[in-house]
Structures are given as C-alpha cells and as structure tokens.
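Student: Contents of data_25.cif (mmCIF, C-alpha atoms):
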```
data_target
loop_
_atom_site.group_PDB
_atom_site.id
_atom_site.type_symbol
_atom_site.label_atom_id
_atom_site.label_comp_id
_atom_site.auth_asym_id
_atom_site.auth_seq_id
_atom_site.Cartn_x
_atom_site.Cartn_y
_atom_site.Cartn_z
ATOM 1 C CA MET W 2 0.000 0.000 0.000
ATOM 2 C CA ALA W 3 1.349 3.432 -0.943
ATOM 3 C CA ARG W 4 2.212 5.620 2.011
ATOM 4 C CA ARG W 5 0.349 8.879 2.285
ATOM 5 C CA ARG W 6 2.395 12.020 2.210
ATOM 6 C CA PRO W 7 2.230 13.842 5.522
ATOM 7 C CA ARG W 8 0.084 16.963 5.376
ATOM 8 C CA PRO W 9 2.102 20.200 5.339
ATOM 9 C CA THR W 10 2.446 21.871 8.696
ATOM 10 C CA ILE W 11 1.074 25.364 9.276
ATOM 11 C CA ARG W 12 4.646 26.672 9.150
ATOM 12 C CA GLU W 13 5.275 24.962 5.800
ATOM 13 C CA GLU W 14 2.024 26.341 4.380
ATOM 14 C CA ASN W 15 2.846 29.859 5.558
ATOM 15 C CA GLU W 16 6.387 29.714 4.177
ATOM 16 C CA ARG W 17 5.092 28.431 0.834
ATOM 17 C CA ALA W 18 2.586 31.290 0.592
ATOM 18 C CA LEU W 19 5.268 33.851 1.422
ATOM 19 C CA LEU W 20 7.701 32.375 -1.099
ATOM 20 C CA GLU W 21 5.056 32.469 -3.830
ATOM 21 C CA ALA W 22 4.239 36.092 -3.020
ATOM 22 C CA ALA W 23 7.951 36.917 -2.977
ATOM 23 C CA GLU W 24 8.405 35.347 -6.427
ATOM 24 C CA TRP W 25 5.782 37.696 -7.860
ATOM 25 C CA VAL W 26 7.249 40.816 -6.288
ATOM 26 C CA PHE W 27 10.899 40.010 -7.008
ATOM 27 C CA ALA W 28 10.013 39.106 -10.613
ATOM 28 C CA GLU W 29 8.138 42.389 -11.091
ATOM 29 C CA GLN W 30 10.356 44.751 -9.097
ATOM 30 C CA GLY W 31 13.761 43.097 -8.947
ATOM 31 C CA PHE W 32 15.674 42.692 -5.709
ATOM 32 C CA ALA W 33 16.407 46.405 -5.299
ATOM 33 C CA GLY W 34 12.842 47.534 -5.988
ATOM 34 C CA ALA W 35 11.061 44.875 -3.935
ATOM 35 C CA THR W 36 10.082 45.558 -0.339
ATOM 36 C CA THR W 37 9.038 43.168 2.380
ATOM 37 C CA ALA W 38 5.952 45.333 2.886
ATOM 38 C CA ALA W 39 4.880 44.686 -0.719
ATOM 39 C CA ILE W 40 5.547 40.968 -0.347
ATOM 40 C CA ALA W 41 3.555 40.779 2.886
ATOM 41 C CA ARG W 42 0.725 42.707 1.247
ATOM 42 C CA ARG W 43 0.609 40.295 -1.675
ATOM 43 C CA ALA W 44 0.652 37.319 0.716
ATOM 44 C CA GLY W 45 -2.155 38.899 2.735
ATOM 45 C CA VAL W 46 -0.277 38.835 6.031
ATOM 46 C CA PRO W 47 1.094 41.497 8.385
ATOM 47 C CA LYS W 48 4.688 42.490 7.703
ATOM 48 C CA ALA W 49 5.634 41.231 11.173
ATOM 49 C CA ASN W 50 4.460 37.743 10.195
ATOM 50 C CA LEU W 51 6.729 37.759 7.163
ATOM 51 C CA HIS W 52 9.720 38.768 9.274
ATOM 52 C CA TYR W 53 8.934 35.978 11.731
ATOM 53 C CA TYR W 54 9.663 33.433 8.978
ATOM 54 C CA PHE W 55 12.178 35.460 6.962
ATOM 55 C CA PRO W 56 13.947 38.087 9.097
ATOM 56 C CA THR W 57 15.548 39.866 6.120
ATOM 57 C CA LYS W 58 14.721 40.586 2.486
ATOM 58 C CA GLU W 59 18.059 39.038 1.537
ATOM 59 C CA GLY W 60 17.167 35.794 3.288
ATOM 60 C CA LEU W 61 13.777 35.648 1.586
ATOM 61 C CA TYR W 62 15.357 36.313 -1.817
ATOM 62 C CA ARG W 63 17.914 33.565 -1.310
ATOM 63 C CA SER W 64 15.139 31.172 -0.291
ATOM 64 C CA VAL W 65 13.309 31.908 -3.558
ATOM 65 C CA ILE W 66 16.523 31.259 -5.508
ATOM 66 C CA GLU W 67 17.356 28.120 -3.538
ATOM 67 C CA ARG W 68 13.851 26.745 -4.132
ATOM 68 C CA VAL W 69 14.176 26.822 -7.917
ATOM 69 C CA LEU W 70 17.804 25.683 -7.912
ATOM 70 C CA THR W 71 16.912 22.683 -5.741
ATOM 71 C CA ALA W 72 14.102 21.752 -8.144
ATOM 72 C CA TRP W 73 16.414 22.054 -11.157
ATOM 73 C CA LEU W 74 19.124 19.893 -9.628
ATOM 74 C CA ALA W 75 16.611 17.253 -8.537
ATOM 75 C CA ALA W 76 15.341 17.101 -12.132
ATOM 76 C CA ALA W 77 18.493 15.162 -13.032
ATOM 77 C CA SER W 78 17.731 12.312 -10.631
ATOM 78 C CA SER W 79 17.283 10.177 -13.772
ATOM 79 C CA PHE W 80 21.092 10.171 -14.087
ATOM 80 C CA ASP W 81 21.124 7.996 -10.966
ATOM 81 C CA THR W 82 18.333 5.624 -11.996
ATOM 82 C CA SER W 83 19.225 4.819 -15.603
ATOM 83 C CA ASP W 84 22.481 3.974 -17.358
ATOM 84 C CA ASP W 85 20.871 4.664 -20.724
ATOM 85 C CA PRO W 86 21.658 8.255 -21.733
ATOM 86 C CA ARG W 87 18.561 8.446 -23.944
ATOM 87 C CA VAL W 88 16.344 7.617 -20.969
ATOM 88 C CA ALA W 89 18.244 9.770 -18.474
ATOM 89 C CA LEU W 90 18.591 12.824 -20.710
ATOM 90 C CA SER W 91 15.007 12.599 -21.967
ATOM 91 C CA ALA W 92 13.721 12.585 -18.392
ATOM 92 C CA TYR W 93 16.015 15.468 -17.415
ATOM 93 C CA ILE W 94 15.104 17.676 -20.374
ATOM 94 C CA GLY W 95 11.413 16.913 -19.906
ATOM 95 C CA ALA W 96 11.556 17.704 -16.196
ATOM 96 C CA LYS W 97 13.380 20.989 -16.869
ATOM 97 C CA MET W 98 10.754 21.959 -19.441
ATOM 98 C CA ASP W 99 7.997 21.212 -16.929
ATOM 99 C CA LEU W 100 9.715 23.336 -14.283
ATOM 100 C CA ALA W 101 9.950 26.261 -16.704
ATOM 101 C CA ARG W 102 6.167 26.066 -16.963
ATOM 102 C CA GLU W 103 5.548 25.428 -13.256
ATOM 103 C CA MET W 104 8.042 27.961 -11.843
ATOM 104 C CA PRO W 105 8.361 30.695 -14.499
ATOM 105 C CA LEU W 106 8.765 33.581 -12.070
ATOM 106 C CA ALA W 107 11.554 31.933 -10.087
ATOM 107 C CA THR W 108 13.268 31.037 -13.356
ATOM 108 C CA ARG W 109 13.194 34.694 -14.445
ATOM 109 C CA ILE W 110 14.494 35.843 -11.059
ATOM 110 C CA TRP W 111 17.398 33.399 -11.367
ATOM 111 C CA SER W 112 18.223 34.615 -14.881
ATOM 112 C CA ALA W 113 18.110 38.270 -13.826
ATOM 113 C CA GLU W 114 20.396 37.519 -10.890
ATOM 114 C CA ILE W 115 22.906 35.742 -13.146
ATOM 115 C CA MET W 116 22.856 38.622 -15.636
ATOM 116 C CA ARG W 117 23.765 40.990 -12.783
ATOM 117 C CA GLY W 118 26.806 38.849 -11.969
ATOM 118 C CA ALA W 119 25.130 36.823 -9.189
ATOM 119 C CA PRO W 120 25.845 39.350 -6.386
ATOM 120 C CA MET W 121 23.477 37.596 -3.977
ATOM 121 C CA ILE W 122 24.017 33.927 -4.873
ATOM 122 C CA GLN W 123 27.632 33.519 -5.971
ATOM 123 C CA ASP W 124 28.167 31.082 -3.121
ATOM 124 C CA PHE W 125 25.439 28.819 -4.594
ATOM 125 C CA LEU W 126 27.298 28.808 -7.906
ATOM 126 C CA ASP W 127 30.653 28.131 -6.251
ATOM 127 C CA THR W 128 29.373 25.228 -4.154
ATOM 128 C CA THR W 129 25.982 23.663 -4.878
ATOM 129 C CA LEU W 130 25.893 24.164 -8.642
ATOM 130 C CA THR W 131 29.582 23.425 -9.198
ATOM 131 C CA GLU W 132 29.378 20.187 -7.203
ATOM 132 C CA TRP W 133 26.273 19.126 -9.148
ATOM 133 C CA VAL W 134 27.954 19.769 -12.505
ATOM 134 C CA VAL W 135 31.033 17.778 -11.497
ATOM 135 C CA SER W 136 28.906 14.813 -10.404
ATOM 136 C CA ARG W 137 26.762 14.842 -13.571
ATOM 137 C CA GLU W 138 29.829 15.222 -15.783
ATOM 138 C CA ARG W 139 30.992 11.833 -14.510
ATOM 139 C CA ALA W 140 27.812 10.189 -15.791
ATOM 140 C CA VAL W 141 28.129 11.825 -19.225
ATOM 141 C CA LYS W 142 31.789 10.809 -19.474
ATOM 142 C CA ARG W 143 30.859 7.205 -18.604
ATOM 143 C CA TRP W 144 28.320 7.184 -21.423
ATOM 144 C CA ILE W 145 30.922 8.589 -23.808
ATOM 145 C CA ALA W 146 33.495 5.977 -22.747
ATOM 146 C CA ALA W 147 30.892 3.241 -23.285
ATOM 147 C CA GLY W 148 30.215 4.503 -26.812
ATOM 148 C CA LYS W 149 26.660 5.591 -25.952
ATOM 149 C CA LEU W 150 27.253 9.297 -26.608
ATOM 150 C CA LYS W 151 29.409 11.195 -29.056
ATOM 151 C CA PRO W 152 32.656 12.630 -27.606
ATOM 152 C CA ILE W 153 31.168 15.924 -26.444
ATOM 153 C CA GLU W 154 32.054 18.356 -23.676
ATOM 154 C CA PRO W 155 29.502 17.614 -20.900
ATOM 155 C CA ARG W 156 29.279 21.234 -19.738
ATOM 156 C CA PHE W 157 28.355 22.447 -23.208
ATOM 157 C CA LEU W 158 25.546 19.881 -23.226
ATOM 158 C CA PHE W 159 24.276 21.182 -19.883
ATOM 159 C CA TYR W 160 24.435 24.794 -21.085
ATOM 160 C CA MET W 161 22.394 23.851 -24.153
ATOM 161 C CA ILE W 162 19.760 22.077 -22.069
ATOM 162 C CA TRP W 163 19.500 24.991 -19.637
ATOM 163 C CA ALA W 164 19.204 27.562 -22.417
ATOM 164 C CA THR W 165 16.588 25.542 -24.289
ATOM 165 C CA THR W 166 14.366 24.669 -21.348
ATOM 166 C CA GLN W 167 14.550 27.990 -19.510
ATOM 167 C CA GLN W 168 13.637 29.853 -22.691
ATOM 168 C CA TYR W 169 10.049 28.707 -22.121
ATOM 169 C CA ALA W 170 9.967 30.744 -18.896
ATOM 170 C CA ASN W 171 12.249 33.661 -19.711
ATOM 171 C CA ALA W 172 10.710 34.326 -23.125
ATOM 172 C CA ALA W 173 7.148 33.260 -22.401
ATOM 173 C CA HIS W 174 5.729 36.541 -23.732
ATOM 174 C CA GLU W 175 7.725 36.271 -26.934
ATOM 175 C CA ILE W 176 6.581 32.671 -27.433
ATOM 176 C CA ALA W 177 2.964 33.655 -26.764
ATOM 177 C CA THR W 178 3.233 36.502 -29.277
ATOM 178 C CA LEU W 179 4.547 34.145 -31.961
ATOM 179 C CA ASN W 180 1.759 31.736 -31.034
ATOM 180 C CA GLY W 181 -0.953 34.197 -32.046
ATOM 181 C CA GLY W 182 -1.060 36.014 -28.709
ATOM 182 C CA SER W 183 -1.748 33.001 -26.494
ATOM 183 C CA PRO W 184 0.537 30.823 -24.355
ATOM 184 C CA LEU W 185 1.202 27.325 -25.635
ATOM 185 C CA ASP W 186 -1.657 25.023 -24.684
ATOM 186 C CA ASP W 187 -1.004 21.594 -23.188
ATOM 187 C CA LYS W 188 -0.874 19.853 -26.564
ATOM 188 C CA ALA W 189 1.579 22.364 -28.026
ATOM 189 C CA PHE W 190 3.758 22.267 -24.929
ATOM 190 C CA VAL W 191 3.949 18.473 -25.024
ATOM 191 C CA ARG W 192 5.030 18.708 -28.656
ATOM 192 C CA ALA W 193 7.625 21.373 -27.838
ATOM 193 C CA LYS W 194 9.015 19.194 -25.074
ATOM 194 C CA ALA W 195 9.172 16.101 -27.308
ATOM 195 C CA GLU W 196 10.926 18.011 -30.082
ATOM 196 C CA ALA W 197 13.455 19.605 -27.708
ATOM 197 C CA ILE W 198 14.312 16.129 -26.422
ATOM 198 C CA GLU W 199 14.562 14.674 -29.935
ATOM 199 C CA ILE W 200 16.711 17.504 -31.334
ATOM 200 C CA ILE W 201 19.199 17.391 -28.441
ATOM 201 C CA LEU W 202 19.435 13.592 -28.372
ATOM 202 C CA ARG W 203 19.845 13.414 -32.141
ATOM 203 C CA GLY W 204 22.850 15.684 -31.780
ATOM 204 C CA VAL W 205 24.618 13.816 -28.970
ATOM 205 C CA ALA W 206 23.606 10.143 -29.180
ATOM 206 C CA ALA W 207 26.226 7.873 -30.672
#
```
Can I see the file as structure tokens?
Tutor:
Amino acid sequence: MARRRPRPTIREENERALLEAAEWVFAEQGFAGATTAAIARRAGVPKANLHYYFPTKEGLYRSVIERVLTAWLAAASSFDTSDDPRVALSAYIGAKMDLAREMPLATRIWSAEIMRGAPMIQDFLDTTLTEWVVSRERAVKRWIAAGKLKPIEPRFLFYMIWATTQQYANAAHEIATLNGGSPLDDKAFVRAKAEAIEIILRGVAA
C-alpha cells in the first residue's frame, strides 16, 4: 500500500505562501525595488508575520533562488536511476521543461540575478551548482566511454539544455506573441518538449 504524504504543517504552508508572493514581487520589481511590505501585502499577512519566517529581504530572496535551484538539480535524478543516456537525458530535459512552466517567475528571477553577476548567490554557484555539474559530468563521461554518446564536452551539453528549457519561462511573452497572442496550450507544450528532447538527443547520441 502506498504511504500517504504527511500533510504540510502550518509553518510549511505559511512559508510556501510567502515564497510564492515573494516570487511575484521580485520578478516584477527586482531585488532592489522589492520591499518586504509589498511581499507581505501580496501574501495577505502582516509584515511582522513575514519577518517571523524570513527576518531579512536578503534571506527571503535567497530562499526563492534556492527553491528553484533545488528543483532544477533534482530534475536530473534520472542520471542515478538509468544507465541509458537516452532515458536519463530525456527525463532530465522533460523535467526541466515542466519546471519552466511550473516555476516561471523563479526562473526569471534566477536569470536576472545571473545577468547581474550573481551578487546575492555567488556562493550557490561556487558550491551547490559546481558540485552538481562535477557529479553529472561523470555520468556523461561514462556514457561517452561506453560509446553511448558522441565525444562531447559535458558542460556544453548542460548549457544547451538549460538555455533551451529555460527559454520557455524567460521568453514566455515572446513565445505567446509568436503563437498568435496566447501561451502554448497543453498539446503544443507536449510537442515542444518532445521536439526539444529529440533535437538534443539526435545531436549527442552515438
């Protein structure tokens, strides 16, 4: 029998609501323009309540960033469960595409932060992201050594996947404009995801 997930605690629910409100405000105003008062107002709570969970704006901003980074890194769990690069990379690319659709605001905040030179999250890049890349490079190099992938530079493959998948969040308005003024519907998004997977795999599979 499948185990039921424990229900979120009141603290977890409150933190989630504050993080979602913070995503909206940081995405619209940027870090410098955002205020904790505006975030609390959007969340529908007193400012004091926000500061109970997140004492500083910097801490709240880093939590928003960490939330999306954690989701992105977890998307590559398929590297640990399959030794077939087609299966592992398909699952990773598909999961990243889904996250671009599920977490578009956090994705845009991340991109804006990187474009500013990562003043608030350089330590994430130096530790968490760097360690993840090193560990995933090993898997790609194993596949290359086994003749399953072409002799490519693993980091260039990752950069291509990130650019392709995050485009669906960062350029959502552009994509909607080219789609007749409407966001991609479910059918079109599934097709976009399938074609992104096919194009990338066709380029790297041995």
Student: What is the atom CA of Thr71 of chain W to atom CA of Thr129 of chain W distance in Å?
Tutor: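 The value is 9.2 Å.
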Student: For a quick check of understanding, using all atoms listed in the file, which of W:Leu19, W:Val141, W:Ala72, W:Ile66 has the smallest distance to Val46 of chain W?
Tutor: W:Leu19
Student: Under the rule that all atoms listed in the file are counted, which of W:Ala164, W:Arg137, W:Gly45, W:Tyr169 is the nearest residue to Pro86 of chain W?
Tutor: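 Distance minimum relative to Pro86 of chain W lands on W:Arg137.
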Student: Would you mind telling me which residue in W:Leu61, W:Ala170, W:Ala77, W:Ala177 lies nearest to Ala101 of chain W when using only C-alpha atoms?
Tutor: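 Once distances to Ala101 of chain W are computed over only C-alpha atoms, the minimum belongs to W:Ala170.
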Student: For the point (8.1, 31.0, -13.1) in file coordinates, what residues are within 12 Å, counting all atoms listed in the file? Give the answer as a ChimeraX atom specification?
Tutor: /W:21-29,65-66,68-69,97-112,167-173
Student: Do a neighbour search on Ala206 of chain W at 12 Å with only C-alpha atoms, toss out local chain neighbours closer than 6 positions, and write the hits as a list in words.
Tutor: Asp85, Pro86, Arg87, Val88, Ala89, Leu90, Ser91, Val141, Trp144, Ile145, Ala147, Gly148, Lys149, Leu150, Lys151, Pro152, Ile153, Leu158, Ile198, Glu199 and Ile200 of chain W
Student: Can you give me, as an MDAnalysis selection string, the residues this file yields under the PyMOL selection byres ((chain W and resi 121-127) around 12)?
Tutor: chainID W and resid 32:33 58:71 110:120 128:135
Student: Suppose you want the space between atom CA of Ile11 of chain W and atom CA of Ala41 of chain W; what is it in Å?
Tutor: 16.9 Å
Student: For a test of reading the model, state the distance in Å between atom CA of Tyr93 of chain W and atom CA of Thr178 of chain W, rounded to one decimal.
Tutor: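 Separation of atom CA of Tyr93 of chain W and atom CA of Thr178 of chain W: 27.3 Å.
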Student: Could you tell me which residues the PyMOL selection byres ((chain W and resi 51) around 12) grabs in this file, written as a PyMOL selection string?
Tutor: chain W and resi 12+15-20+22-23+36-50+52-58+60-61
Student: Centre and edge lengths, as lines of an AutoDock Vina configuration file, for the axis-aligned box enclosing every listed atom of segment 71-81 of chain W with 5 Å of padding on each of the six sides, in Å to one decimal?
Tutor:
```
center_x = 17.6
center_y = 15.3
center_z = -9.9
size_x = 17.0
size_y = 24.7
size_z = 18.3
```
